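Step one of this worksheet: look at the structure below.
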Amino acid sequence: MVSFPNAKINLGLFITDRLPNGYHAIESCLFPIPWCDVLEFVPSKQLQFASSGIAIPGNEKDNLVLKAYKLLRKNFSLPDLSVHLHKIIPMGAGLGGGSADAAFMLKMLNHEFQLFLDDSILEEYAAQLGSDCPFFIQNKPAIARGTGTDLKTITFDLKGYWLALIKPDVHISTQEAYAGVSPKASEVDLEELILSKDFGLWRTELVNDFEASIFPKHPILAELKAKFYESGAAYAAMSGSGSTIFGIFENEPNLSGFFTEWTPKIIKI
């Protein structure tokens, strides 16, 4: 069985509170984009995992895809599988690639072995794997609150627009990202702002709270965002806690000459 786990971007990201358990509460619009990994499994005499494409650091036994399989196997009789992940979505990029891989594994197992788990149950399993994972169960634009697992699906699209993304050679740890933020209640109605599709308002009000502290430490990110605007982007921002910078364009962008070190990934939505 084969699936194509896709990435996401964050349209706005507000850090609204610090919770008693040490985690932070957020408010963000998660938006799926057609930039995909490839995930496949076939029957096997023993559980196996292999990957290709972008090298995945760390022990393969810790991969979220295997964790998703083992999580369901605790409650269901699943056969051994040979699993292959072809990694295309950059890692540590704020694009949710690893979370998507895990969520799609849950959905594949549910379908292939007729576990009859509805989306709400799958989301509960996914939440045990990571805060972005539940979003990829329904995989539709959603307002995320709390630790990111409280989701409200919204009817919103950017069909016909173009998306350009650059992931520079910058690593931002979760600890670094959250160390620089000061939580505060959001002053905008995020859902209303998103649905307005008013890019003029988005530029000033649809902010990513991580940018204020991360950009001074990594000036290249601020430069990339500025270059997207110079090249005609209707809106540009950092996705998640970084380090991908994206721009939304109303027409197919001509970015030749704007970026000398990196080639943007350009997608028609």
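All residue names refer to the structure tokens as shown: chains lettered A, B, ... in order, residues numbered from 1 in each chain, ligands numbered from 1 in order.
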query: Could you pull the residues within 9 Å of Ser82 of chain A, counting only C-alpha atoms, minus those fewer than 2 positions along the same chain, as a list in words?
result: Glu40, Phe41, Val42, Pro43, Ser44, Lys45, Gln46, Leu47, Gln48, Phe49, Ala50, Asp80 and His84 of chain A
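Using only C-alpha atoms, the residues found no farther than 12 Å from Arg73 of chain A, other than those of its own chain fewer than 5 positions away, are Leu47, Leu66, Lys67, Ala68, Leu78, Pro79, Asp80, Leu81, Leu106, Leu109, Asn110, Phe113, Leu115 and Tyr125 of chain A.
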Could you please take those selected residues and save C-alpha atoms as a PDB file, in the first residue's frame?
```
ATOM      1  CA  LEU A  47       9.053  -5.816  10.854  1.00  0.00           C
ATOM      2  CA  LEU A  66       7.350   2.918  13.250  1.00  0.00           C
ATOM      3  CA  LYS A  67       6.027   4.517  16.424  1.00  0.00           C
ATOM      4  CA  ALA A  68       2.630   4.893  14.731  1.00  0.00           C
ATOM      5  CA  LEU A  78      -1.262  -6.250  12.998  1.00  0.00           C
ATOM      6  CA  PRO A  79       1.027  -8.387  10.840  1.00  0.00           C
ATOM      7  CA  ASP A  80       4.715  -7.688  10.379  1.00  0.00           C
ATOM      8  CA  LEU A  81       5.403  -5.266   7.559  1.00  0.00           C
ATOM      9  CA  LEU A 106      -2.160   5.425  11.043  1.00  0.00           C
ATOM     10  CA  LEU A 109      -3.119   0.771   8.716  1.00  0.00           C
ATOM     11  CA  ASN A 110      -6.715   1.637   9.562  1.00  0.00           C
ATOM     12  CA  PHE A 113      -6.520  -3.887   8.030  1.00  0.00           C
ATOM     13  CA  LEU A 115      -9.745  -1.402  11.975  1.00  0.00           C
ATOM     14  CA  TYR A 125      -3.804   8.136  18.569  1.00  0.00           C
TER      15      TYR A 125
END
```
field: Asp132 of chain A surroundings by only C-alpha atoms, 7 Å radius, close-in-sequence under 5 positions cut, as a ChimeraX atom specification
entry: /A:96,99,148-149
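If you measure from each of A:Ser52, A:Ser241, A:Thr204, A:Gln175 to Tyr23 of chain A using only C-alpha atoms, the closest one turns out to be A:Gln175.
Comparing the minimum interatomic distances between Leu122 of chain A and each of A:Leu255, A:Ala93, A:Val170, A:Leu72, counting only C-alpha atoms, we find that A:Leu72 sits nearest.
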message: Using DSSP assignments from the backbone, pull out every residue in segment 37-97 of chain A that falls under helix (DSSP H, G or I) and give it to me as a PyMOL selection string.
response: chain A and resi 60-62+64-73+97
Each segment 8-103 of chain A residue no farther than 7 Å from segment 176-200 of chain A, nearest pair in Å, only C-alpha atoms, as JSON lines:
```
{"residue": "A:Phe14", "atom": "CA", "partner": "A:Ser186", "partner_atom": "CA", "distance": 6.4}
{"residue": "A:Ile15", "atom": "CA", "partner": "A:Pro183", "partner_atom": "CA", "distance": 5.0}
{"residue": "A:Thr16", "atom": "CA", "partner": "A:Lys184", "partner_atom": "CA", "distance": 4.6}
{"residue": "A:Asp17", "atom": "CA", "partner": "A:Pro183", "partner_atom": "CA", "distance": 4.9}
{"residue": "A:Arg18", "atom": "CA", "partner": "A:Pro183", "partner_atom": "CA", "distance": 6.5}
```
statement: Expressed in Å, the length from atom CA of Pro134 of chain A to atom CA of Thr153 of chain A is 11.8 Å
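Using only C-alpha atoms, the shortest contact distance between Phe156 of chain A and any of A:Ser231, A:Cys36, A:Asn59, A:Leu11 is found at A:Leu11.
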field: One-decimal distance in Å that lies between atom CA of Ala7 of chain A and atom CA of Gly97 of chain A
entry: 5.3 Å
message: With distances taken over only C-alpha atoms, which residue among A:Phe116, A:Phe249, A:Phe4, A:Tyr235 lies nearest Lys159 of chain A?
response: A:Phe249
